[in-house]
Structures are given as structure tokens and as C-alpha cells.
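Here's the structure, in C-alpha cells; my notes come after.
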Amino acid sequence: MGASVSAAIYAFAALGLAIVVLRTVHLDAGRGLFLWLLSIPVVFLVVDPLTILLTTAALMLALAPLSAARRVAFFLIAVPSVPHFVHADLPFPGINFLAVVSNSRIAVVVILLPLLFYARSPDRPKLGWSLADFAVVAFAAYTAAMVAQALNVTSGFRFFAEQFMILIVPYMALVRAIDSDDALETCLRGFLACAVILAAVTFISTLKQWDFYRLFEPPSVMGIPDYRGGLLRISATANTHSLGFYLAAGMLLLEYLKHRMSLGFIRLNLLRAFLFIGLFATGSRGAMVGLALGYGVYAMFAMRSTVLRTTYFVGLLAGVMAGSVWLFETDHSEIDPYGTFDYRKQLLITSLDYIRSHFLFGNIGFMSSGKFDHLVQGQGIIDITNLYLQIALSYGFVGFVLFFSVFLQSVYGLLVGAWREARHGDRSTCAVLLAILVGWLTLVATTSDVALTVHLGIVFAALGRAAYGLSAKRHEEVVRVRPPSPVCVPAWQPALARKLPAPQI
């Protein structure tokens with residue numbers, strides 16, 4: 001009981017620090033911050049996971065705003081308010097359990113699902129289905145069928161219900177709720193506020209060298225405290241990699257929102273340092289590399305010269321390719337005392353060999369095939385530290401294409417929108433969301449589907465689709481109202497000039 005009270009006190013201290021930072025930089029976490037505060041005694045003083053989740057569900061239901069944009073912002077802040085490992089089986093008569101519930105899934109049902117039934121404003125055109133919309137639904141159906149075939153029909157239906165909450169509802173609800181630039185900015189501010197809250201929790205945890213939000217994490221090899229460079233790696237309510245990317249994405253959003261937040265030089269750099277200290281405390285090198293690439297992509301759209309921007313783009317691609325070759329062709333034993341680079345190289349070689357023999361549909365039970373036994377770590381597990389490989393191994397080329405089509409469509413649309421707007425000197429939301437998605441696609445090359453990793457990806461894929469849709473609409477309006485250029489006639493042809501019709505303005 002004493003440890004629970006101490007952990008709750010530190011959690012309140014972290015939220016107090018978050019409030020100070022948020023007020024200093026003119027950010028408002030709104031009801032989301034209130035949800036975090038009310039969740040602290042529930043998380044640390046209630047023992048039963050299902051009671052914790054049902055209580056937080058009631059809090060979300062009571063606090064959720066009615067406005068679509070503010071509701072999405074509230075959702076973004078609410079998801080990490082309870083540790084990801086708090087989950088429970090929802091009972092149902094006749095079967096073992098209905099579904100596994102967690103805070104993120106409850107937030108989807110309570111906060112986002114109603115958005116799909118909101119009436120769309122008459123002045124907003126009806127949103128049609130895109131390739132990514134079909135892909136996200138098809139991936140959920142396809143993988144559920146694969147699970148049903150490998151296990152049983154009940155497991156297949158249960159898996160589809162999980163994918164419905166993890167992928168389909170968040171993507172569809174966010175895309176359809178964000179129908180204006182103001183709504184999009186509200187959501188981006190909400191995510192940045194969430195990153196500040198998580199940075200505050202990470203900061204206090206690092207000072208104390210106690211990851212207090214993991215106090216009641218179930219015993220497992222993954223729950224053993226991990227130290228790197230003498231410092232405890234902080235997970236807070238996520239895990240090291242997804243927490244690190246929350247903070248990395250927050251830093252990138254800060255570059256876009258800094259002028260809108262009216263931040264001076266000192267406050268801006270203090271906030272940057274605050275977020276980066278949190279990122280450093282996670283020890284997530286994948287998130288750090290993703291941040292570096294994200295900054296590189298965002299900087300590209302500050303260049304107004306198309307030639308310079310194209311040259312930079314080619315150089316960036318060449319640098320990424322060279323870095324990838326160096327990563328997998330060099331002996332890293334002297335610079336990597338943990339052996340993580342060598343492990344990932346062996347994982348890639350083994351996985352590619354296995355994928356060739358199960359190319360189209362993969363094999364959900366690939367870990368029990370015996371082909372990966374030499375990759376068992378000291379913790380007694382095979383760590384598939386790569387989401388690309390995890391999807392391809394489990395669901396084959398079909399699943400790989402369906403899953404990553406959702407993200408690549410947003411990347412393509414954002415690239416077109418950001419490139420078009422860069423010609424006018426406008427680093428738009430397309431540019432920053434493209435930078436974040438490139439960072440996420442880098443991150444998942446170093447981690448698998450754990451904690452909130454996929455949640456972050458699907459959120460930014462949806463925000464990206466909404467952003468490039470708004471950008472395309474603005475471009476169409478500009479082209480529509482732009483007056484046609486007057487016809488230039490040489491002065492020595494006055495007769496011809498008199499015959500030409502005047503331009504219609």
C-alpha cells in the first residue's frame with residue numbers, strides 16, 4: 001500500500017509539472033488533463049484491472065466533449081492515461097471471454113465510435129472511400145480469416161473485433177471528423193499537449209529513477225527494469241519505443257505550431273529541451289533516428305527553390321540507403337555492447353529466408369516452425385524487432401500490402417501537398433505530418449506491434465489523409481478563383497488586339 005501511495009504522489013507531481021509547462025507555453029490539454037488527474041487514484045489504488053478500465057470508461061464518457069475536433073483531441077490525450085499493460089478479459093456466457101479490453105480500446109469505443117454517427121455539415125462535401133479505407137477494412141477481414149483458419153472461428157471473430165477497435169474505427173473516425181484546418185490544428189495541439197504530459201511523467205521518473213507507472217505491471221521478462229548507460233529506461237504508460245515516438249512527434253509538431261503558439265526564443269527552446277530529455281530517457285534509438293529523419297524531411301520543405309529541394313530530396317534518399325547498407329554490412333561489436341545490431345541483422349536474414357517459402361499468405365505460427373530457434377534471447381523469447389517482418393511473416397505479401405497501403409497512401413498524398421505548398425513558401429501541415437509518418441515508418445523498422453506503436457501509426461495516417469485532403473481542396477479553390485492571364489499582344493499589331501475578346505474576370 002505504501003508503494004501505491006508513493007507512486008500516486010509522484011504521478012500527481014508529474015501532472016503538476018505538466019500543468020506548469022502547458023500554461024507557460026500557452027497549450028491547453030482541456031478535459032484530457034483532468035482525465036489524467038482523476039485516473040491516478042484509480043490506477044494506483046484499485047487492484048482489479050477490469051474495475052480500473054470500467055471506471056476510466058465512465059470518466060471518459062462523462063468528460064468527452066461533443067465537438068468532433070475537440071473529441072478527437074481528447075481521445076489523443078486519453079489513450080495513454082492508463083498503462084498499456086492494464087487489460088482484462090471481458091466475460092461472456094458460453095465462451096471463455098468476449099474480448100480483451102484495454103484503455104486504448106475503451107477510448108476508441110467510448111470517444112471515437114460515436115463520431116461515425118455524427119451528421120456531416122451540409123457545407124462539407126460527402127467524403128468518399130479511398131484505397132486506404134478499403135485496405136484497412138480488407139486487412140482486418142483478411143487477418144481475421146487467417147486466425148480463424150489457424151485456430152478457430154471464435155478466435156477469428158474476436159481478432160476481427162480487436163482490429164475493428166485498433167485500426168478501423170480510429171482511422172475512419174479521425175478522417176471523417178477533421179473537415180477543416182481549424183479542426184486539424186485542434187487535434188495537433190491535443191497531441192502536443194499529450195506529449196508534454198508524457199514528458200513530465202518521464203522527467204519525474206528519471207529524477208527518481210523509478211518508473212512508477214509500471215508498479216503493477218504483471219511479472220514477465222519484458223517487465224524487468226532496463227538500464228542503458230547507467231540510467232533506467234522509462235516506459236511510463238506506454239513502452240520505451242512508443243513513448244519515445246510520442247515525444248519525437250511532439251518535437252516535430254512544435255516546429256509547426258511554434259508561431260501559432262507565440263513562443264519566444266527562450267520558451268521554445270526550453271520546451272524543445274523538455275521533450276528531448278524525455279526522449280533521451282526512453283533510450284529508444286529507433287525514435288531518435290525517426291526524429292532525425294523527420295527533421296530532415298521537414299527542413300526540405302523550407303526550401304523554396306524546386307531545384308534545391310529536389311537535390312536535397314535525392315541526397316536524403318541516398319543517405320538513407322547508404323546508412324541502411326552500412327547498418328547491415330558492418331561489424332558493430334565494438335560500438336554496440338548490447339548486440340542489438342547483430343541480432344537485427346540475423347533476424348532479417350532468417351525472416352527473409354522464411355518469407356520466400358511462405359510468400360503470399362505467410363504463417364501465423366512461424367515462431368514454432370523451428371527456423372527461429374537460434375534467435376531465442378537470454379530472456380527466453382524471440383524478439384521480432386521489426387513490424388515489417390512481423391506483418392510479412394504472419395500474413396505474407398497480401399497482408400503486407402494491405403497494411404502498409406494505409407500509410408503509403410498518406411505519405412504520397414502528403415508529399416504532393418507539401419511539395420505544392422512549398423513553392424509558395426508555406427510549410428503546411430502536410431509537411432509536418434509527412435515528417436512524422438516518415439519517422440514512424442523508420443521507428444517500426446526497430447520495433448514490433450507492442451504497446452501503442454500501431455496506434456500512433458494509424459493516428460498519423462488518418463491525420464495525414466485529412467491534411468492532404470484539405471490541402472487539395474484549398475488548391476482547387478485557388479485555381480478556381482484565379483483570373484485567367486490577359487493575352488499579351490505586341491504593340492505593332494493593334495488591329496489584332498482590337499479583335500481579341502477582353503478576359504473575363
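The way I read the labels, and the way they are meant: chains A, B, ... in the order of the C-alpha cells, residue 1 as the first residue of every chain, and ligand 1 as the first ligand shown, with later ones counted on from there.
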
Excluding region 302-313 of chain A and residues on its chain fewer than 6 positions from it, collect all residues at most 12 Å away from it, counting only C-alpha atoms, and give them as a count of residues only.
-> 21

Write out as a short mmCIF file (atom, residue, chain, number, x, y, z; two decimals) with N, CA and C atoms, in the first residue's frame which residues come within 6 Å of region 209-213 of chain A when counting only C-alpha atoms, dropping same-chain ones fewer than 5 positions away.
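Result saved to part.cif:
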data_model
loop_
_atom_site.label_atom_id
_atom_site.label_comp_id
_atom_site.auth_asym_id
_atom_site.auth_seq_id
_atom_site.Cartn_x
_atom_site.Cartn_y
_atom_site.Cartn_z
N ALA A 7 3.73 6.07 -5.38
CA ALA A 7 3.62 6.18 -6.84
C ALA A 7 2.57 7.20 -7.23
N ILE A 234 12.83 4.63 -19.35
CA ILE A 234 11.48 4.90 -18.87
C ILE A 234 10.46 4.46 -19.92
N ALA A 236 6.86 4.62 -18.77
CA ALA A 236 5.65 5.31 -18.32
C ALA A 236 4.42 4.45 -18.63
#

Residues of region 289-461 of chain A in helix (DSSP H, G or I) according to DSSP, as a PyMOL selection string?
-> chain A and resi 289-300+306-329+340-357+366-369+373-375+387-422+429-443+453-461

Just how far from CA of Val196 (chain A) is CA of Gly30 (chain A), in Å to one decimal?
->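 Here the two named atoms are 13.1 Å from each other.
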
If you count only C-alpha atoms, which residues fall within 12 Å of Ala461 (chain A), apart from same-chain ones fewer than 4 positions away, as a ChimeraX atom specification?
-> /A:132-133,136,167-168,170-172,174-175,403-414,430,433-438,440-441,454-457,465-468

Selection near Val21 (chain A), 10 Å with only C-alpha atoms, sequence-local residues under 2 positions removed, as a list in words = Leu15, Gly16, Leu17, Ala18, Ile19, Arg23, Thr24, Val25, His26, Leu27, Ala193, Val196, Ile197, Ala200, Arg267, Leu270, Leu271 and Phe274 of chain A
